>>> print(open('input_29.json').read())   # JSON, C-alpha atoms
[["chain", "number", "residue", "atom", "x", "y", "z"],
["A", 1, "MET", "CA", 0.00, 0.00, 0.00],
["A", 2, "ARG", "CA", 1.19, 3.52, -0.73],
["A", 3, "ASP", "CA", 2.59, 5.31, 2.31],
["A", 4, "VAL", "CA", 0.35, 8.35, 2.82],
["A", 5, "THR", "CA", 1.70, 11.30, 4.75],
["A", 6, "THR", "CA", 0.38, 14.78, 5.37],
["A", 7, "PRO", "CA", 2.12, 18.01, 6.34],
["A", 8, "HIS", "CA", 3.59, 18.34, 9.80],
["A", 9, "PRO", "CA", 4.32, 21.76, 11.36],
["A", 10, "GLY", "CA", 7.84, 22.96, 10.80],
["A", 11, "PRO", "CA", 9.95, 25.23, 13.00],
["A", 12, "GLY", "CA", 8.02, 28.34, 13.91],
["A", 13, "ASP", "CA", 4.67, 26.91, 12.79],
["A", 14, "ALA", "CA", 1.78, 26.88, 15.23],
["A", 15, "VAL", "CA", 1.23, 23.42, 16.69],
["A", 16, "PRO", "CA", -2.49, 22.51, 16.80],
["A", 17, "GLN", "CA", -3.96, 21.79, 20.21],
["A", 18, "PRO", "CA", -4.42, 18.06, 20.87],
["A", 19, "LEU", "CA", -7.86, 16.76, 20.03],
["A", 20, "PRO", "CA", -9.80, 14.86, 22.70],
["A", 21, "ALA", "CA", -9.63, 11.11, 22.29],
["A", 22, "ALA", "CA", -12.45, 9.74, 20.18],
["A", 23, "PRO", "CA", -14.81, 7.29, 21.92],
["A", 24, "GLY", "CA", -13.20, 3.85, 21.87],
["A", 25, "ALA", "CA", -9.65, 5.07, 21.20],
["A", 26, "ASP", "CA", -8.61, 4.58, 24.83],
["A", 27, "GLN", "CA", -9.56, 0.90, 24.62],
["A", 28, "HIS", "CA", -8.42, 0.22, 21.05],
["A", 29, "PRO", "CA", -4.93, 1.40, 20.04],
["A", 30, "ALA", "CA", -5.74, 0.63, 16.40],
["A", 31, "LEU", "CA", -8.49, 3.24, 16.51],
["A", 32, "ALA", "CA", -6.11, 5.71, 18.16],
["A", 33, "LEU", "CA", -3.58, 4.92, 15.40],
["A", 34, "VAL", "CA", -6.05, 5.72, 12.62],
["A", 35, "ASN", "CA", -6.84, 9.03, 14.29],
["A", 36, "THR", "CA", -3.22, 10.21, 14.28],
["A", 37, "ARG", "CA", -3.96, 11.73, 10.88],
["A", 38, "THR", "CA", -6.43, 14.58, 11.19],
["A", 39, "VAL", "CA", -7.65, 17.79, 9.61],
["A", 40, "ARG", "CA", -7.42, 20.84, 11.86],
["A", 41, "PRO", "CA", -8.35, 24.49, 11.31],
["A", 42, "THR", "CA", -4.72, 25.01, 10.29],
["A", 43, "GLY", "CA", -4.86, 22.21, 7.72],
["A", 44, "ALA", "CA", -3.91, 18.54, 7.47],
["A", 45, "PHE", "CA", -1.87, 17.22, 10.37],
["A", 46, "ASP", "CA", -0.01, 13.96, 10.88],
["A", 47, "ASP", "CA", 1.24, 13.02, 14.34],
["A", 48, "LEU", "CA", 3.46, 10.36, 12.76],
["A", 49, "ALA", "CA", 4.99, 12.40, 9.94],
["A", 50, "GLU", "CA", 8.41, 12.47, 11.59],
["A", 51, "PRO", "CA", 10.22, 9.61, 13.38],
["A", 52, "ALA", "CA", 10.29, 11.59, 16.64],
["A", 53, "GLY", "CA", 6.51, 12.04, 16.57],
["A", 54, "ALA", "CA", 5.96, 8.37, 15.73],
["A", 55, "LEU", "CA", 8.25, 7.36, 18.59],
["A", 56, "ASP", "CA", 6.42, 9.65, 21.01],
["A", 57, "TRP", "CA", 3.12, 8.10, 20.01],
["A", 58, "LEU", "CA", 4.36, 4.51, 20.34],
["A", 59, "THR", "CA", 5.96, 5.09, 23.72],
["A", 60, "GLY", "CA", 3.01, 7.16, 24.92],
["A", 61, "THR", "CA", 0.65, 4.28, 24.20],
["A", 62, "GLY", "CA", 2.99, 1.79, 25.88],
["A", 63, "LEU", "CA", 3.65, -0.11, 22.65],
["A", 64, "LEU", "CA", 7.39, 0.57, 22.71],
["A", 65, "PRO", "CA", 9.82, 0.88, 25.61],
["A", 66, "ALA", "CA", 11.07, 4.36, 26.38],
["A", 67, "ARG", "CA", 14.52, 5.67, 25.39],
["A", 68, "ARG", "CA", 14.51, 4.00, 21.98],
["A", 69, "THR", "CA", 15.20, 5.54, 18.60],
["A", 70, "LEU", "CA", 12.98, 5.15, 15.55],
["A", 71, "THR", "CA", 14.27, 5.33, 11.98],
["A", 72, "ALA", "CA", 12.46, 6.96, 9.09],
["A", 73, "GLY", "CA", 11.80, 3.51, 7.63],
["A", 74, "GLU", "CA", 10.27, 2.26, 10.87],
["A", 75, "ALA", "CA", 8.04, 5.34, 11.11],
["A", 76, "GLY", "CA", 6.99, 4.63, 7.52],
["A", 77, "ARG", "CA", 5.96, 1.09, 8.47],
["A", 78, "LEU", "CA", 3.73, 2.50, 11.20],
["A", 79, "ARG", "CA", 2.11, 4.99, 8.80],
["A", 80, "THR", "CA", 1.58, 2.25, 6.22],
["A", 81, "LEU", "CA", -0.22, 0.10, 8.79],
["A", 82, "ARG", "CA", -2.33, 3.09, 9.77],
["A", 83, "GLU", "CA", -3.48, 3.62, 6.18],
["A", 84, "SER", "CA", -4.26, -0.10, 5.82],
["A", 85, "VAL", "CA", -6.44, 0.00, 8.93],
["A", 86, "ARG", "CA", -8.12, 3.20, 7.74],
["A", 87, "GLU", "CA", -8.95, 1.57, 4.39],
["A", 88, "LEU", "CA", -10.39, -1.48, 6.15],
["A", 89, "PHE", "CA", -12.48, 0.62, 8.55],
["A", 90, "THR", "CA", -13.89, 2.48, 5.54],
["A", 91, "ALA", "CA", -14.69, -0.79, 3.75],
["A", 92, "ARG", "CA", -16.44, -2.09, 6.87],
["A", 93, "LEU", "CA", -18.57, 1.05, 7.05],
["A", 94, "THR", "CA", -19.50, 1.17, 3.37],
["A", 95, "GLY", "CA", -19.93, -2.56, 2.85],
["A", 96, "ALA", "CA", -17.41, -2.47, 0.01],
["A", 97, "ALA", "CA", -14.87, -5.18, -0.71],
["A", 98, "PRO", "CA", -11.65, -4.41, 1.17],
["A", 99, "ASP", "CA", -8.67, -3.05, -0.71],
["A", 100, "ARG", "CA", -6.38, -6.02, -1.29],
["A", 101, "ALA", "CA", -3.24, -4.06, -0.52],
["A", 102, "ALA", "CA", -4.75, -2.85, 2.76],
["A", 103, "LEU", "CA", -5.72, -6.38, 3.75],
["A", 104, "ALA", "CA", -2.26, -7.65, 2.83],
["A", 105, "GLY", "CA", -0.68, -4.83, 4.85],
["A", 106, "LEU", "CA", -2.67, -5.75, 7.94],
["A", 107, "ASN", "CA", -1.89, -9.44, 7.59],
["A", 108, "GLU", "CA", 1.80, -8.65, 7.10],
["A", 109, "ALA", "CA", 1.81, -6.72, 10.38],
["A", 110, "LEU", "CA", -0.04, -9.59, 12.08],
["A", 111, "ALA", "CA", 2.79, -11.92, 11.10],
["A", 112, "ALA", "CA", 5.62, -9.54, 12.01],
["A", 113, "ALA", "CA", 5.96, -10.92, 15.54],
["A", 114, "PRO", "CA", 3.63, -13.87, 16.22],
["A", 115, "PHE", "CA", 2.51, -14.04, 19.83],
["A", 116, "THR", "CA", 2.52, -17.19, 21.95],
["A", 117, "GLY", "CA", 0.68, -17.94, 25.17],
["A", 118, "ARG", "CA", 2.52, -18.18, 28.46],
["A", 119, "LEU", "CA", 1.14, -18.95, 31.91],
["A", 120, "SER", "CA", 2.39, -16.52, 34.53],
["A", 121, "TRP", "CA", 2.18, -17.29, 38.25],
["A", 122, "ALA", "CA", 4.28, -14.82, 40.21],
["A", 123, "ALA", "CA", 4.09, -16.06, 43.81],
["A", 124, "ALA", "CA", 2.15, -18.04, 46.38],
["A", 125, "GLY", "CA", -1.24, -16.50, 46.90],
["A", 126, "ASP", "CA", -1.31, -14.96, 43.43],
["A", 127, "GLY", "CA", -3.57, -16.42, 40.80],
["A", 128, "PRO", "CA", -2.29, -17.75, 37.47],
["A", 129, "ARG", "CA", -2.58, -15.46, 34.45],
["A", 130, "LEU", "CA", -2.36, -16.34, 30.77],
["A", 131, "GLU", "CA", -0.19, -13.81, 28.93],
["A", 132, "SER", "CA", 0.57, -13.30, 25.26],
["A", 133, "ARG", "CA", 4.17, -12.56, 24.41],
["A", 134, "PRO", "CA", 5.95, -12.05, 21.08],
["A", 135, "ALA", "CA", 7.75, -15.15, 19.89],
["A", 136, "GLY", "CA", 10.30, -13.18, 17.89],
["A", 137, "GLY", "CA", 10.97, -10.03, 15.92],
["A", 138, "THR", "CA", 12.02, -6.57, 17.04],
["A", 139, "PRO", "CA", 10.20, -4.36, 19.56],
["A", 140, "LEU", "CA", 8.71, -2.47, 16.61],
["A", 141, "ASP", "CA", 7.54, -5.74, 15.04],
["A", 142, "ALA", "CA", 5.78, -6.57, 18.31],
["A", 143, "ALA", "CA", 4.17, -3.13, 18.41],
["A", 144, "LEU", "CA", 2.89, -3.43, 14.83],
["A", 145, "THR", "CA", 1.53, -6.91, 15.52],
["A", 146, "ARG", "CA", -0.31, -5.70, 18.63],
["A", 147, "LEU", "CA", -1.88, -2.89, 16.62],
["A", 148, "ALA", "CA", -2.82, -5.22, 13.77],
["A", 149, "ARG", "CA", -4.33, -7.75, 16.17],
["A", 150, "ASP", "CA", -6.39, -5.06, 17.82],
["A", 151, "ALA", "CA", -7.64, -3.85, 14.42],
["A", 152, "ALA", "CA", -8.46, -7.40, 13.29],
["A", 153, "GLU", "CA", -10.35, -8.15, 16.52],
["A", 154, "LEU", "CA", -12.25, -4.88, 16.29],
["A", 155, "LEU", "CA", -13.20, -5.46, 12.64],
["A", 156, "SER", "CA", -14.30, -9.06, 13.17],
["A", 157, "GLY", "CA", -15.79, -8.83, 16.67],
["A", 158, "PRO", "CA", -19.08, -7.63, 18.14],
["A", 159, "GLN", "CA", -17.91, -4.00, 18.25],
["A", 160, "ALA", "CA", -17.52, -3.87, 14.47],
["A", 161, "GLU", "CA", -21.10, -2.60, 14.20],
["A", 162, "THR", "CA", -20.19, 0.42, 16.33],
["A", 163, "ILE", "CA", -17.33, 1.66, 14.14],
["A", 164, "ALA", "CA", -18.34, 5.05, 12.75],
["A", 165, "ALA", "CA", -16.85, 7.97, 10.85],
["A", 166, "CYS", "CA", -17.31, 11.45, 12.27],
["A", 167, "ALA", "CA", -20.22, 13.18, 10.54],
["A", 168, "ALA", "CA", -18.50, 16.57, 10.60],
["A", 169, "GLY", "CA", -17.64, 17.19, 6.96],
["A", 170, "ASP", "CA", -14.16, 18.51, 7.71],
["A", 171, "CYS", "CA", -13.22, 15.69, 10.13],
["A", 172, "ILE", "CA", -11.65, 12.39, 9.08],
["A", 173, "ARG", "CA", -11.56, 10.66, 12.46],
["A", 174, "PHE", "CA", -13.24, 7.38, 13.39],
["A", 175, "PHE", "CA", -14.88, 6.48, 16.69],
["A", 176, "LEU", "CA", -16.97, 3.76, 18.32],
["A", 177, "ARG", "CA", -20.61, 4.76, 18.55],
["A", 178, "THR", "CA", -21.61, 4.68, 22.23],
["A", 179, "HIS", "CA", -25.28, 5.12, 21.38],
["A", 180, "GLY", "CA", -27.30, 5.07, 18.18],
["A", 181, "ALA", "CA", -27.74, 8.81, 17.87],
["A", 182, "ARG", "CA", -24.06, 9.73, 18.21],
["A", 183, "GLN", "CA", -22.67, 11.34, 15.05],
["A", 184, "TRP", "CA", -19.49, 13.10, 16.17],
["A", 185, "CYS", "CA", -16.07, 11.94, 17.31],
["A", 186, "SER", "CA", -16.01, 14.69, 19.94],
["A", 187, "GLN", "CA", -18.16, 17.42, 21.41],
["A", 188, "ARG", "CA", -15.87, 19.88, 19.65],
["A", 189, "CYS", "CA", -16.96, 18.57, 16.24],
["A", 190, "GLY", "CA", -20.62, 18.54, 17.26],
["A", 191, "ASP", "CA", -20.46, 22.11, 18.55],
["A", 192, "ARG", "CA", -18.72, 23.27, 15.38],
["A", 193, "VAL", "CA", -21.34, 21.70, 13.11],
["A", 194, "ARG", "CA", -24.23, 23.06, 15.16],
["A", 195, "ALA", "CA", -22.67, 26.53, 15.12],
["A", 196, "ALA", "CA", -22.26, 26.36, 11.33],
["A", 197, "ARG", "CA", -25.89, 25.31, 10.91],
["A", 198, "HIS", "CA", -27.07, 28.14, 13.15],
["A", 199, "TYR", "CA", -25.00, 30.63, 11.17],
["A", 200, "ALA", "CA", -26.42, 29.31, 7.89],
["A", 201, "ARG", "CA", -29.98, 29.60, 9.16],
["A", 202, "THR", "CA", -29.34, 33.13, 10.41],
["A", 203, "ARG", "CA", -27.86, 34.20, 7.07],
["A", 204, "ALA", "CA", -30.79, 32.62, 5.21],
["A", 205, "ALA", "CA", -33.27, 34.49, 7.39],
["A", 206, "GLU", "CA", -31.47, 37.78, 6.79],
["A", 207, "THR", "CA", -31.69, 37.39, 3.02],
["A", 208, "THR", "CA", -35.41, 36.59, 2.91]]
>>> encode(input="input_29.json", output="structure tokens")
Amino acid sequence: MRDVTTPHPGPGDAVPQPLPAAPGADQHPALALVNTRTVRPTGAFDDLAEPAGALDWLTGTGLLPARRTLTAGEAGRLRTLRESVRELFTARLTGAAPDRAALAGLNEALAAAPFTGRLSWAAAGDGPRLESRPAGGTPLDAALTRLARDAAELLSGPQAETIAACAAGDCIRFFLRTHGARQWCSQRCGDRVRAARHYARTRAAETT
């Protein structure tokens, strides 16, 4: 799949304020990944455009250990997975056949670091716990596989029906619909759309 990137602020540019997490993004890192590419009042913005930003995102979500470097190629792999997941979310919403390259990209990430089960039992009095651990690959491979697994489980599981695209025309984020009437990824988007509608109605009334 083609690696899609969008402009990132340069030195001296205003940095957009962080957007509130979309519903479901705190529970599903794959959803949070898709929403790292946004459209703000200042234009298109990509949290992962530079290796430093991609590293900050991976460490901030706990997918990579701290104090690690990330190369441009590794950041590109993360962006490529993001675009694959975005394509598959869109296909799920529209009922269209998935893009083959996007599906292949997700499956490639799933195989980057296969996980195996391991029973953990720390000490007397503690209960046993089944853990999944990577059977090989680099820390980045493990991070990509975790993201791909989360996306695959979300797309194929009971929450798939709740995947939604923000109804604000200038927003490209996804979210999980917490109730049937929800249309926006955040109150900010809802307030902006309602304000625009009010302005349009006011202007229409003034011209009649």
>>> closest_atom_pairs(input="input_29.json", of="region 38-80 of chain A", to="region 162-171 of chain A", cutoff="12 Å", atoms="all atoms listed in the file", output="CSV")
residue,atom,partner,partner_atom,distance
A:Thr38,CA,A:Cys171,CA,7.0
A:Val39,CA,A:Cys171,CA,6.0
A:Arg40,CA,A:Cys171,CA,7.9
A:Pro41,CA,A:Asp170,CA,9.1
A:Thr42,CA,A:Asp170,CA,11.7
A:Gly43,CA,A:Asp170,CA,10.0
A:Ala44,CA,A:Cys171,CA,10.1
A:Phe45,CA,A:Cys171,CA,11.5
>>> residues_around(input="input_29.json", residues="Gln159 (chain A)", least_positions_apart="6", cutoff="10 Å", atoms="only C-alpha atoms", output="count of residues only")
4
>>> closest_atom_pairs(input="input_29.json", of="region 114-142 of chain A", to="region 59-75 of chain A", cutoff="9 Å", atoms="only C-alpha atoms", output="CSV")
residue,atom,partner,partner_atom,distance
A:Pro139,CA,A:Leu64,CA,6.5
A:Leu140,CA,A:Leu64,CA,6.9
A:Ala142,CA,A:Leu63,CA,8.1
>>> atom_distance(input="input_29.json", atom1="CA of Thr116 (chain A)", atom2="CA of Pro128 (chain A)")
16.3 Å
>>> atom_distance(input="input_29.json", atom1="CA of Arg149 (chain A)", atom2="CA of Leu110 (chain A)")
6.2 Å
>>> atom_distance(input="input_29.json", atom1="CA of Gly105 (chain A)", atom2="CA of Thr80 (chain A)")
7.6 Å
>>> residues_near_point(input="input_29.json", point="(-1.1, 0.2, 6.5)", cutoff="7 Å", atoms="all atoms listed in the file", output="number ranges by chain")
A: 1, 79-85, 102, 105-106
>>> closest_residue(input="input_29.json", among="A:Gly95, A:Gly137, A:Pro18, A:Pro51", to="Ala109 (chain A)", atoms="all atoms listed in the file")
A:Gly137
>>> closest_residue(input="input_29.json", among="A:Ala91, A:Ala97, A:Leu147, A:Leu130", to="Ala32 (chain A)", atoms="only C-alpha atoms")
A:Leu147
>>> residues_around(input="input_29.json", residues="Cys185 (chain A)", least_positions_apart="5", cutoff="7 Å", atoms="only C-alpha atoms", output="VMD selection string")
chain A and resid 22 to 23 166 173 to 175
>>> decode(input="input_29.json", residues="region 112-127 of chain A", atoms="all heavy atoms", output="compact mmCIF listing (two decimals), in the first residue's frame")
# COMPACT_ATOMS: atom_id res chain seq x y z
N ALA A 112 4.30 -10.11 11.75
CA ALA A 112 5.62 -9.54 12.01
C ALA A 112 6.25 -10.13 13.26
O ALA A 112 7.45 -10.40 13.31
CB ALA A 112 5.52 -8.02 12.14
N ALA A 113 5.45 -10.35 14.30
CA ALA A 113 5.96 -10.92 15.54
C ALA A 113 4.85 -11.78 16.15
O ALA A 113 4.12 -11.31 17.03
CB ALA A 113 6.39 -9.83 16.51
N PRO A 114 4.70 -13.02 15.69
CA PRO A 114 3.63 -13.87 16.22
C PRO A 114 3.72 -13.99 17.74
O PRO A 114 4.81 -14.07 18.32
CB PRO A 114 3.91 -15.22 15.54
CG PRO A 114 4.68 -14.89 14.32
CD PRO A 114 5.52 -13.70 14.68
N PHE A 115 2.57 -13.97 18.38
CA PHE A 115 2.51 -14.04 19.83
C PHE A 115 2.19 -15.48 20.26
O PHE A 115 1.44 -16.19 19.61
CB PHE A 115 1.45 -13.09 20.38
CG PHE A 115 1.92 -11.67 20.48
CD1 PHE A 115 2.25 -10.95 19.34
CD2 PHE A 115 2.04 -11.04 21.70
CE1 PHE A 115 2.69 -9.65 19.42
CE2 PHE A 115 2.48 -9.73 21.80
CZ PHE A 115 2.80 -9.04 20.65
N THR A 116 2.79 -15.88 21.38
CA THR A 116 2.52 -17.19 21.95
C THR A 116 1.98 -17.00 23.36
O THR A 116 2.24 -15.99 24.02
CB THR A 116 3.80 -18.04 22.01
OG1 THR A 116 4.78 -17.37 22.81
CG2 THR A 116 4.36 -18.27 20.61
N GLY A 117 1.22 -18.00 23.82
CA GLY A 117 0.68 -17.94 25.17
C GLY A 117 1.70 -18.40 26.19
O GLY A 117 2.53 -19.27 25.92
N ARG A 118 1.62 -17.79 27.37
CA ARG A 118 2.52 -18.18 28.46
C ARG A 118 1.77 -18.01 29.77
O ARG A 118 1.16 -16.96 30.01
CB ARG A 118 3.77 -17.31 28.45
CG ARG A 118 4.72 -17.60 29.60
CD ARG A 118 6.00 -16.85 29.45
NE ARG A 118 6.88 -17.06 30.59
CZ ARG A 118 8.14 -16.63 30.66
NH1 ARG A 118 8.65 -15.96 29.65
NH2 ARG A 118 8.87 -16.87 31.73
N LEU A 119 1.81 -19.03 30.62
CA LEU A 119 1.14 -18.95 31.91
C LEU A 119 2.07 -18.30 32.92
O LEU A 119 3.20 -18.76 33.13
CB LEU A 119 0.73 -20.34 32.39
CG LEU A 119 -0.15 -20.36 33.64
CD1 LEU A 119 -1.51 -19.76 33.34
CD2 LEU A 119 -0.29 -21.79 34.19
N SER A 120 1.61 -17.24 33.52
CA SER A 120 2.39 -16.52 34.53
C SER A 120 1.78 -16.75 35.91
O SER A 120 0.56 -16.63 36.08
CB SER A 120 2.40 -15.02 34.20
OG SER A 120 3.04 -14.28 35.21
N TRP A 121 2.64 -17.06 36.88
CA TRP A 121 2.18 -17.29 38.25
C TRP A 121 3.28 -16.79 39.16
O TRP A 121 4.24 -17.48 39.45
CB TRP A 121 1.92 -18.78 38.47
CG TRP A 121 1.00 -19.08 39.61
CD1 TRP A 121 0.79 -18.34 40.73
CD2 TRP A 121 0.16 -20.22 39.71
NE1 TRP A 121 -0.12 -18.94 41.53
CE2 TRP A 121 -0.54 -20.11 40.92
CE3 TRP A 121 -0.08 -21.34 38.91
CZ2 TRP A 121 -1.45 -21.06 41.36
CZ3 TRP A 121 -0.98 -22.28 39.34
CH2 TRP A 121 -1.67 -22.14 40.54
N ALA A 122 3.17 -15.53 39.59
CA ALA A 122 4.28 -14.82 40.21
C ALA A 122 4.69 -15.40 41.56
O ALA A 122 5.87 -15.61 41.83
CB ALA A 122 3.95 -13.34 40.36
N ALA A 123 3.73 -15.65 42.45
CA ALA A 123 4.09 -16.06 43.81
C ALA A 123 2.93 -16.77 44.46
O ALA A 123 1.80 -16.77 43.95
CB ALA A 123 4.50 -14.84 44.64
N ALA A 124 3.21 -17.38 45.61
CA ALA A 124 2.15 -18.04 46.38
C ALA A 124 1.08 -17.02 46.75
O ALA A 124 1.38 -15.89 47.14
CB ALA A 124 2.74 -18.66 47.64
N GLY A 125 -0.15 -17.41 46.58
CA GLY A 125 -1.24 -16.50 46.90
C GLY A 125 -1.73 -15.72 45.69
O GLY A 125 -2.84 -15.18 45.70
N ASP A 126 -0.90 -15.62 44.67
CA ASP A 126 -1.31 -14.96 43.43
C ASP A 126 -1.98 -15.99 42.51
O ASP A 126 -1.61 -17.16 42.50
CB ASP A 126 -0.11 -14.35 42.70
CG ASP A 126 0.49 -13.17 43.46
OD1 ASP A 126 -0.26 -12.58 44.27
OD2 ASP A 126 1.66 -12.86 43.24
N GLY A 127 -2.91 -15.52 41.74
CA GLY A 127 -3.57 -16.42 40.80
C GLY A 127 -2.79 -16.53 39.50
O GLY A 127 -2.02 -15.63 39.14
